[in-house]
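Enquirer: Contents of entry_35.cif (mmCIF, C-alpha atoms and all ligand atoms) are below:
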data_my_file
#
loop_
_atom_site.label_atom_id
_atom_site.label_comp_id
_atom_site.auth_asym_id
_atom_site.auth_seq_id
_atom_site.Cartn_x
_atom_site.Cartn_y
_atom_site.Cartn_z
CA MET A 440 5.99 -5.00 -22.49
CA ASP A 441 8.27 -2.00 -22.95
CA LYS A 442 11.76 -2.50 -21.56
CA THR A 443 13.09 -0.09 -18.97
CA PRO A 444 16.82 0.62 -18.61
CA TYR A 445 17.36 -1.07 -15.24
CA ILE A 446 16.28 -4.01 -13.12
CA TRP A 447 17.28 -4.30 -9.48
CA LEU A 448 18.80 -7.74 -8.94
CA ASP A 449 20.33 -8.83 -5.65
CA GLY A 450 21.21 -5.33 -4.56
CA SER A 451 22.50 -3.89 -7.85
CA PHE A 452 20.97 -2.12 -10.81
CA VAL A 453 21.60 -4.22 -13.90
CA ASP A 454 20.66 -3.71 -17.54
CA TRP A 455 17.28 -5.09 -18.45
CA ASP A 456 18.81 -7.62 -20.86
CA LYS A 457 21.36 -8.82 -18.33
CA ALA A 458 18.93 -9.58 -15.51
CA ASN A 459 18.94 -13.32 -16.15
CA VAL A 460 18.79 -16.41 -13.94
CA HIS A 461 19.92 -20.01 -14.33
CA VAL A 462 17.39 -22.61 -15.50
CA LEU A 463 17.98 -24.49 -12.27
CA THR A 464 16.60 -21.58 -10.26
CA HIS A 465 14.71 -23.46 -7.57
CA SER A 466 11.59 -21.30 -7.68
CA LEU A 467 11.18 -22.06 -11.39
CA HIS A 468 10.86 -25.74 -10.58
CA TYR A 469 8.76 -25.79 -7.44
CA GLY A 470 6.96 -22.45 -7.46
CA MET A 471 7.98 -20.92 -4.17
CA ALA A 472 8.62 -17.20 -4.58
CA ALA A 473 6.98 -14.22 -2.91
CA PHE A 474 6.10 -11.08 -4.81
CA GLU A 475 4.28 -7.78 -4.62
CA GLY A 476 2.31 -5.62 -6.98
CA ILE A 477 2.70 -1.89 -6.39
CA ARG A 478 1.71 1.18 -8.36
CA ALA A 479 3.31 4.60 -8.57
CA TYR A 480 1.08 7.45 -9.70
CA ARG A 481 1.75 10.89 -11.06
CA THR A 482 0.54 13.47 -8.54
CA PRO A 483 0.83 17.25 -8.53
CA GLY A 484 3.57 16.86 -5.91
CA GLY A 485 5.63 14.42 -8.01
CA THR A 486 5.49 10.71 -8.63
CA ALA A 487 4.24 8.87 -5.57
CA VAL A 488 4.12 5.20 -4.70
CA PHE A 489 0.81 4.30 -3.14
CA ARG A 490 1.05 2.63 0.27
CA LEU A 491 4.52 1.33 -0.36
CA HIS A 492 5.20 0.63 3.26
CA GLU A 493 2.29 -1.78 3.57
CA ARG A 494 3.33 -3.65 0.46
CA VAL A 495 6.92 -4.08 1.55
CA ARG A 496 5.58 -5.28 4.85
CA ARG A 497 3.33 -7.83 3.12
CA LEU A 498 6.27 -9.02 1.02
CA PHE A 499 8.21 -9.73 4.19
CA ASP A 500 5.12 -11.32 5.75
CA SER A 501 4.81 -13.63 2.73
CA CYS A 502 8.46 -14.62 3.11
CA GLN A 503 7.99 -15.20 6.82
CA ILE A 504 4.98 -17.45 6.11
CA MET A 505 7.03 -19.38 3.57
CA GLY A 506 10.10 -19.55 5.81
CA MET A 507 12.27 -17.59 3.35
CA LYS A 508 14.80 -15.28 4.93
CA VAL A 509 15.16 -12.12 2.86
CA PRO A 510 18.81 -11.04 2.74
CA TYR A 511 17.83 -7.34 2.80
CA SER A 512 16.05 -5.17 5.33
CA ARG A 513 12.57 -3.79 4.76
CA GLU A 514 14.08 -0.32 4.49
CA GLN A 515 16.46 -1.50 1.75
CA VAL A 516 13.63 -3.01 -0.28
CA PHE A 517 11.48 0.09 0.31
CA GLU A 518 14.28 2.35 -0.91
CA ALA A 519 15.10 0.07 -3.84
CA CYS A 520 11.48 0.26 -5.06
CA ARG A 521 11.58 4.05 -4.95
CA GLU A 522 14.99 4.14 -6.58
CA MET A 523 13.81 1.91 -9.40
CA VAL A 524 11.02 4.32 -10.28
CA LYS A 525 13.41 7.26 -10.22
CA LYS A 526 16.28 5.58 -12.03
CA ASN A 527 14.03 4.38 -14.81
CA SER A 528 12.42 7.85 -15.08
CA MET A 529 8.92 6.47 -14.67
CA ASP A 530 6.13 8.84 -13.80
CA GLU A 531 3.39 6.22 -13.51
CA CYS A 532 4.26 2.56 -13.35
CA TYR A 533 3.79 -0.83 -11.80
CA ILE A 534 6.52 -2.13 -9.46
CA ARG A 535 7.14 -5.85 -9.03
CA PRO A 536 9.50 -7.00 -6.28
CA LEU A 537 10.10 -10.76 -6.28
CA VAL A 538 11.87 -12.85 -3.65
CA PHE A 539 12.87 -16.21 -5.06
CA ILE A 540 15.03 -19.22 -4.32
CA GLY A 541 18.10 -19.42 -6.48
CA ASP A 542 19.89 -22.42 -7.92
CA GLY A 543 22.06 -24.78 -5.93
CA ALA A 544 20.60 -27.99 -4.60
CA MET A 545 17.69 -29.59 -6.39
CA GLY A 546 14.84 -31.48 -4.72
CA VAL A 547 12.02 -29.92 -2.80
CA TYR A 548 14.01 -29.42 0.38
CA ALA A 549 16.83 -27.04 -0.43
CA PRO A 550 17.27 -24.90 2.67
CA ASN A 551 20.69 -23.57 1.73
CA ASN A 552 19.95 -22.26 -1.72
CA PRO A 553 20.40 -18.49 -1.95
CA ILE A 554 17.36 -16.27 -1.50
CA ARG A 555 17.43 -13.74 -4.30
CA VAL A 556 15.51 -10.52 -4.85
CA SER A 557 14.59 -8.68 -8.03
CA ILE A 558 12.56 -5.53 -8.64
CA VAL A 559 11.22 -4.62 -12.05
CA VAL A 560 9.14 -1.58 -13.03
CA TRP A 561 7.05 -1.23 -16.14
CA LYS A 562 4.25 0.80 -17.60
CA TRP A 563 0.95 -0.92 -16.94
CA GLY A 564 -2.36 0.62 -17.86
CA ALA A 565 -5.76 -0.58 -16.67
CA TYR A 566 -5.35 -4.31 -15.86
CA LEU A 567 -8.89 -5.22 -16.91
CA GLY A 568 -8.99 -2.63 -19.70
CA GLU A 569 -9.94 1.05 -19.85
CA GLU A 570 -13.34 0.06 -21.09
CA GLY A 571 -13.73 -2.29 -18.13
CA LEU A 572 -12.87 0.50 -15.68
CA LYS A 573 -15.63 2.66 -17.15
CA ARG A 574 -18.35 0.23 -18.14
CA GLY A 575 -17.67 -2.83 -16.05
CA ILE A 576 -16.53 -6.32 -16.89
CA ARG A 577 -18.12 -9.77 -17.14
CA ALA A 578 -17.10 -12.34 -14.52
CA LYS A 579 -17.55 -16.09 -14.22
CA VAL A 580 -17.73 -18.11 -11.04
CA SER A 581 -14.84 -20.50 -11.49
CA SER A 582 -15.02 -24.28 -11.50
CA PHE A 583 -11.66 -24.15 -9.67
CA THR A 584 -11.76 -23.81 -5.89
CA ARG A 585 -9.57 -21.18 -4.24
CA ASN A 586 -6.61 -22.76 -2.46
CA HIS A 587 -7.48 -24.09 0.95
CA PRO A 588 -5.97 -21.77 3.61
CA ASN A 589 -4.03 -24.70 4.99
CA ALA A 590 -2.54 -25.63 1.64
CA THR A 591 -0.38 -22.78 0.41
CA MET A 592 -1.84 -20.17 2.77
CA ASN A 593 -3.70 -17.28 1.26
CA LYS A 594 -2.05 -14.52 3.31
CA ALA A 595 1.14 -15.19 1.43
CA LYS A 596 1.38 -13.56 -1.96
CA VAL A 597 3.38 -16.40 -3.42
CA THR A 598 3.72 -17.48 -7.00
CA ALA A 599 2.41 -20.99 -6.28
CA ASN A 600 -0.99 -19.52 -5.39
CA TYR A 601 -1.23 -18.10 -8.86
CA VAL A 602 -1.39 -21.50 -10.56
CA ASN A 603 -4.88 -21.63 -9.09
CA SER A 604 -5.50 -18.07 -10.30
CA MET A 605 -4.20 -18.84 -13.79
CA LEU A 606 -6.43 -21.88 -14.17
CA ALA A 607 -9.45 -19.82 -13.16
CA LYS A 608 -8.52 -16.84 -15.32
CA ARG A 609 -7.89 -18.99 -18.40
CA GLU A 610 -11.16 -20.80 -17.95
CA ALA A 611 -13.00 -17.48 -17.62
CA ARG A 612 -11.30 -15.88 -20.63
CA GLU A 613 -11.73 -18.93 -22.82
CA SER A 614 -15.42 -19.06 -21.93
CA GLY A 615 -15.89 -15.46 -23.10
CA PHE A 616 -15.66 -13.71 -19.70
CA ASP A 617 -13.11 -11.16 -18.51
CA GLU A 618 -12.33 -12.42 -15.04
CA ALA A 619 -13.00 -15.29 -12.63
CA ILE A 620 -14.53 -15.27 -9.17
CA LEU A 621 -13.22 -18.18 -7.11
CA LEU A 622 -15.17 -19.86 -4.32
CA ASP A 623 -13.45 -21.02 -1.17
CA PRO A 624 -13.43 -24.72 -0.17
CA ALA A 625 -16.75 -24.20 1.66
CA GLY A 626 -18.40 -22.79 -1.48
CA MET A 627 -18.40 -19.17 -0.31
CA ILE A 628 -17.20 -16.27 -2.43
CA ALA A 629 -13.45 -15.80 -2.01
CA GLU A 630 -11.85 -13.46 -4.55
CA GLY A 631 -10.92 -12.85 -8.15
CA SER A 632 -7.84 -14.36 -9.75
CA GLY A 633 -5.92 -11.21 -8.80
CA GLU A 634 -8.45 -9.02 -7.01
CA ASN A 635 -10.68 -8.82 -3.97
CA VAL A 636 -14.38 -8.59 -4.55
CA PHE A 637 -17.14 -6.38 -3.12
CA VAL A 638 -20.91 -6.43 -3.60
CA VAL A 639 -23.36 -3.64 -2.82
CA ARG A 640 -26.95 -4.20 -1.81
CA ASP A 641 -29.27 -1.60 -0.32
CA GLY A 642 -26.37 0.79 0.07
CA THR A 643 -24.14 -1.57 2.10
CA LEU A 644 -20.78 -2.80 0.87
CA THR A 645 -20.01 -6.44 1.63
CA THR A 646 -16.74 -8.28 1.15
CA PRO A 647 -15.55 -11.73 2.26
CA PRO A 648 -13.50 -11.87 5.47
CA LEU A 649 -9.75 -12.24 5.43
CA PRO A 650 -9.07 -15.88 6.29
CA ASN A 651 -9.77 -17.18 2.80
CA VAL A 652 -8.53 -14.26 0.74
CA LEU A 653 -5.42 -12.21 0.22
CA GLY A 654 -5.43 -9.23 2.56
CA GLY A 655 -5.61 -6.77 -0.29
CA ILE A 656 -4.26 -3.31 0.36
CA THR A 657 -6.80 -1.91 -2.07
CA ARG A 658 -9.51 -3.78 -0.16
CA ASP A 659 -8.27 -2.11 3.01
CA THR A 660 -8.24 1.26 1.23
CA VAL A 661 -11.81 0.73 0.00
CA LEU A 662 -12.96 -0.06 3.54
CA ALA A 663 -11.27 3.11 4.79
CA LEU A 664 -12.73 5.20 1.97
CA ALA A 665 -16.18 3.78 2.61
CA ALA A 666 -15.91 4.68 6.29
CA ASP A 667 -14.94 8.20 5.34
CA LEU A 668 -17.80 8.42 2.83
CA LYS A 669 -20.20 7.05 5.47
CA ILE A 670 -21.01 4.00 3.36
CA PRO A 671 -21.78 1.06 5.66
CA THR A 672 -19.53 -1.97 5.21
CA VAL A 673 -19.85 -5.58 6.31
CA THR A 674 -17.18 -8.25 6.21
CA ARG A 675 -18.79 -11.68 6.11
CA ASN A 676 -19.12 -14.84 4.06
CA PHE A 677 -21.65 -15.01 1.27
CA ALA A 678 -22.42 -17.38 -1.56
CA ARG A 679 -22.64 -16.81 -5.32
CA ASP A 680 -26.38 -16.18 -5.29
CA GLU A 681 -25.81 -13.00 -3.29
CA VAL A 682 -23.62 -11.75 -6.09
CA TYR A 683 -26.35 -12.51 -8.63
CA ILE A 684 -28.85 -10.36 -6.72
CA ALA A 685 -26.44 -7.54 -5.81
CA ASP A 686 -27.23 -3.99 -6.90
CA GLU A 687 -23.57 -3.48 -7.73
CA ALA A 688 -20.34 -5.47 -7.62
CA PHE A 689 -16.71 -4.60 -8.20
CA PHE A 690 -13.21 -5.99 -8.11
CA CYS A 691 -10.40 -4.13 -6.42
CA GLY A 692 -6.67 -4.60 -6.48
CA THR A 693 -3.48 -2.75 -7.19
CA ALA A 694 -3.51 -3.82 -10.82
CA ALA A 695 -7.30 -3.80 -11.33
CA GLU A 696 -7.82 -0.66 -9.19
CA ILE A 697 -11.62 -0.34 -8.85
CA THR A 698 -13.23 -2.26 -11.71
CA PRO A 699 -17.02 -2.58 -11.80
CA ILE A 700 -18.57 -5.98 -12.55
CA ARG A 701 -21.61 -5.69 -14.79
CA ASP A 702 -22.43 -9.35 -15.28
CA VAL A 703 -21.73 -12.61 -13.42
CA ASP A 704 -22.38 -15.96 -15.12
CA GLY A 705 -24.56 -14.24 -17.69
CA ARG A 706 -26.75 -12.55 -15.08
CA GLN A 707 -26.83 -8.79 -15.24
CA ILE A 708 -25.76 -7.12 -12.02
CA GLY A 709 -27.99 -4.18 -11.12
CA GLU A 710 -28.36 -1.90 -14.13
CA GLY A 711 -25.60 -3.72 -15.98
CA ARG A 712 -23.16 -0.81 -15.64
CA MET A 713 -21.12 0.92 -12.97
CA GLY A 714 -23.41 1.66 -10.04
CA PRO A 715 -23.36 4.91 -8.03
CA ILE A 716 -21.54 3.52 -4.98
CA THR A 717 -18.88 1.84 -7.12
CA GLN A 718 -18.50 5.09 -9.02
CA LYS A 719 -18.05 7.08 -5.83
CA ILE A 720 -15.46 4.62 -4.52
CA GLN A 721 -13.64 4.58 -7.85
CA GLU A 722 -13.56 8.38 -8.11
CA THR A 723 -12.38 8.77 -4.53
CA TYR A 724 -9.75 6.09 -5.03
CA PHE A 725 -8.28 7.81 -8.07
CA GLU A 726 -8.36 11.17 -6.31
CA LEU A 727 -6.55 9.60 -3.40
CA VAL A 728 -3.76 7.90 -5.33
CA ARG A 729 -3.15 10.97 -7.45
CA ALA A 730 -3.71 13.47 -4.66
CA LEU A 731 -1.97 16.53 -3.39
CA PRO A 732 -1.46 16.40 0.32
CA GLU A 733 -3.06 19.84 0.55
CA GLY A 734 -5.78 20.16 3.10
CA VAL A 735 -4.65 17.18 5.08
CA TRP A 736 -1.50 18.67 6.43
CA THR A 737 -1.30 18.49 10.20
CA PRO A 738 1.62 20.39 11.68
CA GLY A 739 4.08 17.95 13.07
CA THR A 740 3.24 15.22 10.62
CA CYS A 741 4.75 14.85 7.20
CA PRO A 742 2.65 16.78 4.69
CA TRP A 743 3.52 14.25 2.01
CA CYS A 744 2.76 10.95 3.59
CA GLY A 745 1.08 11.88 6.87
CA SER A 746 3.54 9.92 8.94
CA PHE A 747 4.98 10.77 12.30
CA PRO A 748 7.62 11.30 13.54
CA ALA A 749 9.65 13.46 11.28
CA TYR A 750 13.07 14.69 12.24
CA GLY A 751 14.54 18.08 11.73
CA ASP A 752 17.56 20.31 11.94
CA LEU A 753 17.12 23.71 13.46
CA MET A 754 18.04 26.56 11.16
CA GLU A 755 19.52 29.85 12.24
CA ASP A 756 16.21 31.68 12.10
CA GLY A 757 14.67 29.28 14.57
CA ARG A 758 12.72 27.24 12.05
CA ARG A 759 13.14 23.57 11.79
CA ARG A 760 13.91 22.00 8.44
CA LEU A 761 12.01 18.77 8.73
CA SER A 762 12.43 15.58 6.81
CA CYS A 763 10.19 12.57 6.87
CA LEU A 764 11.81 9.33 7.92
CA LEU A 765 9.43 7.36 5.80
CA CYS A 766 9.12 9.11 2.47
CA GLY A 767 12.00 11.56 2.49
CA GLY A 768 9.69 14.57 1.97
CA ALA A 769 11.11 17.85 3.31
CA TRP A 770 9.44 21.00 4.54
CA LEU A 771 10.01 23.91 6.86
CA GLY A 772 8.43 23.87 10.26
CA PRO A 773 7.15 26.96 12.10
CA ARG A 774 9.63 29.31 13.71
CA LEU A 775 10.31 28.19 17.27
CA ARG A 776 10.33 30.63 20.15
CA CYS A 777 10.93 30.07 23.80
CA PRO A 778 7.64 30.81 25.57
CA PHE A 779 9.51 32.50 28.44
CA CYS A 780 12.31 34.57 27.06
CA ASP A 781 10.88 34.70 23.54
CA THR A 782 14.20 33.93 21.98
CA SER A 783 14.32 32.33 18.59
CA ASP A 784 18.09 32.22 18.71
CA SER A 785 19.00 28.85 17.38
CA ARG A 786 21.81 28.47 19.92
CA ALA A 787 19.29 28.65 22.73
CA LEU A 788 16.73 26.63 20.87
CA THR A 789 19.24 23.97 20.09
CA HIS A 790 18.72 23.17 23.70
CA LEU A 791 14.97 23.28 23.50
CA VAL A 792 14.28 19.69 24.37
CA ALA A 793 11.14 17.70 24.10
CA GLU A 794 10.71 14.50 25.96
CA GLY A 795 7.63 12.36 26.16
CA ASN A 796 6.49 11.13 29.53
CA GLU A 797 4.18 8.27 30.31
CA GLU A 798 0.99 10.29 29.98
CA GLY A 799 1.95 11.44 26.54
CA TYR A 800 2.83 15.00 27.53
CA PHE A 801 5.97 16.59 26.27
CA ILE A 802 8.17 18.59 28.59
CA GLU A 803 9.73 21.43 26.64
CA ALA A 804 12.55 23.45 28.14
CA CYS A 805 14.76 26.30 27.07
CA ARG A 806 18.20 25.96 28.42
CA ALA A 807 19.00 29.63 27.72
CA CYS A 808 16.57 30.91 30.36
CA ARG A 809 15.97 27.57 32.04
CA GLY A 810 12.24 27.89 31.57
CA TYR A 811 10.21 24.75 30.99
CA ILE A 812 6.64 23.96 30.16
CA LYS A 813 4.40 20.94 30.09
CA GLY A 814 3.81 20.59 26.38
CA VAL A 815 0.80 19.47 24.43
CA ASP A 816 -0.77 16.12 24.93
CA ARG A 817 0.03 14.59 21.60
CA ARG A 818 -2.82 12.13 21.82
CA GLN A 819 -5.26 15.02 22.10
CA ARG A 820 -3.69 16.68 19.14
CA TRP A 821 -4.10 13.62 16.95
CA ASN A 822 -7.74 13.29 17.85
CA ALA A 823 -8.54 16.14 15.52
CA GLY A 824 -7.27 14.38 12.45
CA PRO A 825 -4.87 11.95 10.91
CA PRO A 826 -2.86 10.06 11.76
CA LEU A 827 -5.01 8.48 14.43
CA LEU A 828 -2.31 6.88 16.42
CA GLU A 829 -3.04 5.14 19.60
CA ASP A 830 0.56 4.30 20.15
CA TRP A 831 2.35 7.39 18.92
CA ALA A 832 5.61 6.31 20.46
CA SER A 833 6.02 3.13 18.44
CA PRO A 834 8.75 2.96 15.81
CA HIS A 835 7.90 4.86 12.67
CA LEU A 836 7.56 1.78 10.54
CA ASP A 837 4.59 0.59 12.51
CA LEU A 838 2.80 3.89 12.27
CA HIS A 839 1.75 3.20 8.75
CA ALA A 840 0.50 -0.22 9.64
CA SER A 841 -2.89 -0.61 8.18
CA ARG A 842 -5.23 -1.05 11.08
CA GLU A 843 -8.87 -1.00 10.25
CA GLY A 844 -10.41 2.03 11.83
CA TYR A 845 -7.10 3.79 12.20
CA TRP A 846 -5.96 4.51 8.72
CA ARG A 847 -7.78 7.43 7.20
CA PRO A 848 -7.81 8.17 3.52
CA THR A 849 -5.17 10.81 3.65
CA PRO A 850 -2.71 10.45 0.82
CA CYS A 851 -0.55 7.79 2.33
CA LEU A 852 1.98 8.19 -0.41
CA ALA A 853 5.68 7.72 -0.47
CA HIS A 854 6.80 10.52 -2.72
CA LEU A 855 9.83 10.03 -4.83
CA LEU A 856 10.47 13.61 -5.60
CA PRO A 857 9.18 15.74 -2.77
CA PRO A 858 8.97 19.38 -3.77
CA ASP A 859 11.32 21.91 -2.26
CA ALA A 860 10.72 22.74 1.34
CA ALA A 861 7.73 25.02 1.58
CA GLU A 862 6.82 27.49 4.25
CA ALA A 863 4.65 25.65 6.71
CA PRO A 864 1.35 27.19 7.73
CA PRO A 865 1.20 28.21 11.40
CA PRO A 866 0.21 25.37 13.73
C1 LIG B 1 -5.53 -13.16 -5.34
C2 LIG B 1 -5.51 -11.70 -5.08
N1 LIG B 1 -6.45 -11.16 -4.28
C3 LIG B 1 -6.47 -9.85 -4.02
C4 LIG B 1 -5.54 -8.98 -4.57
C5 LIG B 1 -5.58 -7.51 -4.27
O1 LIG B 1 -4.52 -7.14 -3.45
P1 LIG B 1 -3.93 -5.66 -3.47
O2 LIG B 1 -5.07 -4.75 -3.34
O3 LIG B 1 -3.03 -5.60 -2.31
O4 LIG B 1 -3.22 -5.50 -4.76
C6 LIG B 1 -4.54 -9.51 -5.40
C7 LIG B 1 -3.53 -8.61 -5.97
O5 LIG B 1 -2.57 -8.97 -6.50
C8 LIG B 1 -4.52 -10.89 -5.65
O6 LIG B 1 -3.59 -11.43 -6.44
#
Before anything else, please render the file you have as structure tokens.
Expert:
Amino acid sequence: MDKTPYIWLDGSFVDWDKANVHVLTHSLHYGMAAFEGIRAYRTPGGTAVFRLHERVRRLFDSCQIMGMKVPYSREQVFEACREMVKKNSMDECYIRPLVFIGDGAMGVYAPNNPIRVSIVVWKWGAYLGEEGLKRGIRAKVSSFTRNHPNATMNKAKVTANYVNSMLAKREARESGFDEAILLDPAGMIAEGSGENVFVVRDGTLTTPPLPNVLGGITRDTVLALAADLKIPTVTRNFARDEVYIADEAFFCGTAAEITPIRDVDGRQIGEGRMGPITQKIQETYFELVRALPEGVWTPGTCPWCGSFPAYGDLMEDGRRRLSCLLCGGAWLGPRLRCPFCDTSDSRALTHLVAEGNEEGYFIEACRACRGYIKGVDRRQRWNAGPPLLEDWASPHLDLHASREGYWRPTPCLAHLLPPDAAEAPPP
């Protein structure tokens, strides 16, 4: 692995070589630490972290499940991830936040040991190989059962769960395969050692339901992409024989991205290469993560990450300089004019107020001429395109919550280096 200049450790940027911990670090002994895997991609608009909000949220969910209180806010961890990419001058990289229990008391119960956080970034190419991405990989159904959901709980992305993954992965690799597919305690397909799994038969994508698998953000993205591409999807349990007779199969994950499976347990899957649906999903996925937000810009939403609300300062010429609360992207809004006295004088428009009422209408008023108007129904406006927000008034952090059926494959990217404010097209 190539070193990068800095590692974020407990709130500070420290030199790579100085980011060390004591051997009595509790997590080293008993395996309780929560982590995330995140990728930043080079896009025409600058380096962008793909679905960072959801990953920071899952990190905090994992800690909540484990009863670990993170000594930083979600916003601080979110910002620290972005800062790490910038500070280490990475254009494409993998980001690994880790929340772990520091040294202090020994023994399994050590509630007062410090909770520590590190974030490391590094260059990471195709996890299952470039060749695997193009031609597909060989998988083996593991002799190791996926952790029971009531053992270490699969919703938590915690290091302890990866002992199970490592055993399966080693067995697969040492038996001449590339990756393992683990079965759940009932013998149904669960997931790969570090990926979710999909099969395709007769044009329908099928993936195991969430209770027994990690709620993969790539899995969620694939489901959203499939909906947009009008590919039917089913979420249900299935056994290994359904994989053997699938037309196509693929793994998906932040590290593995969309990797076709060409063979399982020595049985060729479909044509033994990437199938057309997998190819379509893979292409669309890579377009998405490396996309320009062009064509998906909806006035009033951030053109970089699609979120709402943004906030803005009014400039002298009556335009609003908007900034996104979530990704920091900046752009210029349309020139505002009072619909009654037609003024675009910023002193008058400073008093142009917009307040939501219970029906979702905005009352807009100009205090210069005292005119007011019942504004647009924001819910109507969103119906035309993303973001499809039922509850537009909820705090901005929840707006990016991944809700099946709500999230559309707009580039939900947290840009590190948003371009200079650009003239916004008319609404
Ligand atoms: C066991 C397991 N399942 C699924 C995934 C895929 O999750 P995501 O798409 O959020 O990376 C991972 C990723 O690390 C994983 O470790």
Enquirer: Taking all atoms listed in the file and a cut-off of 7 Å, can you tell me which residues surround ligand LIG 1 (chain B), written as a list of chain:residue names?
Expert: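 Residues lying within 7 Å of ligand LIG 1 (chain B): A:Gly476, A:Ser604, A:Glu630, A:Gly631, A:Ser632, A:Gly633, A:Glu634, A:Asn635, A:Val652, A:Leu653, A:Gly654, A:Gly655, A:Ile656, A:Thr657, A:Arg658, A:Cys691, A:Gly692, A:Thr693, A:Ala694.
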Enquirer: What would the list of residues within 9 Å of (-2.2, 0.6, -16.2) (file frame) look like as a PyMOL selection string, if all atoms listed in the file are what count?
Expert: chain A and resi 478+531-533+562-569+694-695
Enquirer: Can those selected residues be exported to a file as a PDB file, keeping the file's coordinate frame so that it contains C-alpha atoms?
Expert:
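Listed below is the output, part_28.pdb:
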ATOM      1  CA  ARG A 478       1.710   1.180  -8.360  1.00  0.00           C
ATOM      2  CA  GLU A 531       3.390   6.220 -13.510  1.00  0.00           C
ATOM      3  CA  CYS A 532       4.260   2.560 -13.350  1.00  0.00           C
ATOM      4  CA  TYR A 533       3.790  -0.830 -11.800  1.00  0.00           C
ATOM      5  CA  LYS A 562       4.250   0.800 -17.600  1.00  0.00           C
ATOM      6  CA  TRP A 563       0.950  -0.920 -16.940  1.00  0.00           C
ATOM      7  CA  GLY A 564      -2.360   0.620 -17.860  1.00  0.00           C
ATOM      8  CA  ALA A 565      -5.760  -0.580 -16.670  1.00  0.00           C
ATOM      9  CA  TYR A 566      -5.350  -4.310 -15.860  1.00  0.00           C
ATOM     10  CA  LEU A 567      -8.890  -5.220 -16.910  1.00  0.00           C
ATOM     11  CA  GLY A 568      -8.990  -2.630 -19.700  1.00  0.00           C
ATOM     12  CA  GLU A 569      -9.940   1.050 -19.850  1.00  0.00           C
ATOM     13  CA  ALA A 694      -3.510  -3.820 -10.820  1.00  0.00           C
ATOM     14  CA  ALA A 695      -7.300  -3.800 -11.330  1.00  0.00           C
TER      15      ALA A 695
END
Enquirer: Rounded to one decimal, what separation in Å do you get between CA of Asp542 in chain A and CA of Met471 in chain A?
Expert: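 These two atoms are separated by 12.6 Å.
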Enquirer: Using all atoms listed in the file, which residue out of A:Met507, A:Leu537, A:Val559, A:Leu491 lies closest to Pro444 in chain A?
Expert: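 Residue with the minimum atom-to-atom distance to Pro444 in chain A: A:Val559.
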Enquirer: Can you tell me, as a PyMOL selection string, what residues are no more than 7 Å from range 699-707 of chain A when counting only C-alpha atoms, ignoring any on the same chain fewer than 5 positions away?
Expert: chain A and resi 572+575-580+683+688-690+712-713+717
Enquirer: So what do you get for CA of Leu498 in chain A versus CA of Val516 in chain A, distance-wise?
Expert: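 Those two atoms sit 9.6 Å apart.
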Enquirer: Hey, can you check how far CA of Gln503 in chain A sits from CA of Phe539 in chain A?
Expert: 12.9 Å
Enquirer: Looking at A:Ser581, A:Asp449, A:Lys457, A:Arg675, which one is nearest to Phe616 in chain A, with distances taken over all atoms listed in the file?
Expert: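 Ranked by minimum distance to Phe616 in chain A, first place goes to A:Ser581.
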Enquirer: Ranking A:Asn600, A:Thr698, A:Thr782, A:Thr482 by minimum distance to Thr584 in chain A and counting only C-alpha atoms, which one comes first?
Expert: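 Smallest distance to Thr584 in chain A is found for A:Asn600.
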Enquirer: Kindly indicate which residue among A:Leu662, A:Val639, A:Ala629, A:Ala472 lies nearest to Gly541 in chain A, using all atoms listed in the file for the distances.
Expert: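 That would be A:Ala472, the residue with the smallest distance to Gly541 in chain A.
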Enquirer: Rank nothing, just name the residue among A:Tyr548, A:Tyr601, A:Phe637, A:Trp561 nearest to Ala685 in chain A, using all atoms listed in the file.
Expert: A:Phe637
Enquirer: Considering all atoms listed in the file, state which residue in the set A:Arg574, A:Lys719, A:Lys442, A:Arg609 is at the smallest distance from Met529 in chain A.
Expert: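 Nearest to Met529 in chain A: A:Lys442.
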Enquirer: Tell me which protein, DNA and RNA residues are within 8 Å of Pro588 in chain A, counting all atoms listed in the file, leaving out same-chain ones fewer than 3 positions away, and put them as an NGL selection string.
Expert: :A and (591-593 or 650-651)
Enquirer: Within 12 Å of Leu463 in chain A, counting only C-alpha atoms, which residues show up once you throw out same-chain ones fewer than 5 positions away? Write them as a list in words, please.
Expert: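 Everything that qualifies: His468, Tyr469, Ile540, Gly541, Asp542, Gly543, Ala544, Met545, Gly546 and Asn552 of chain A.
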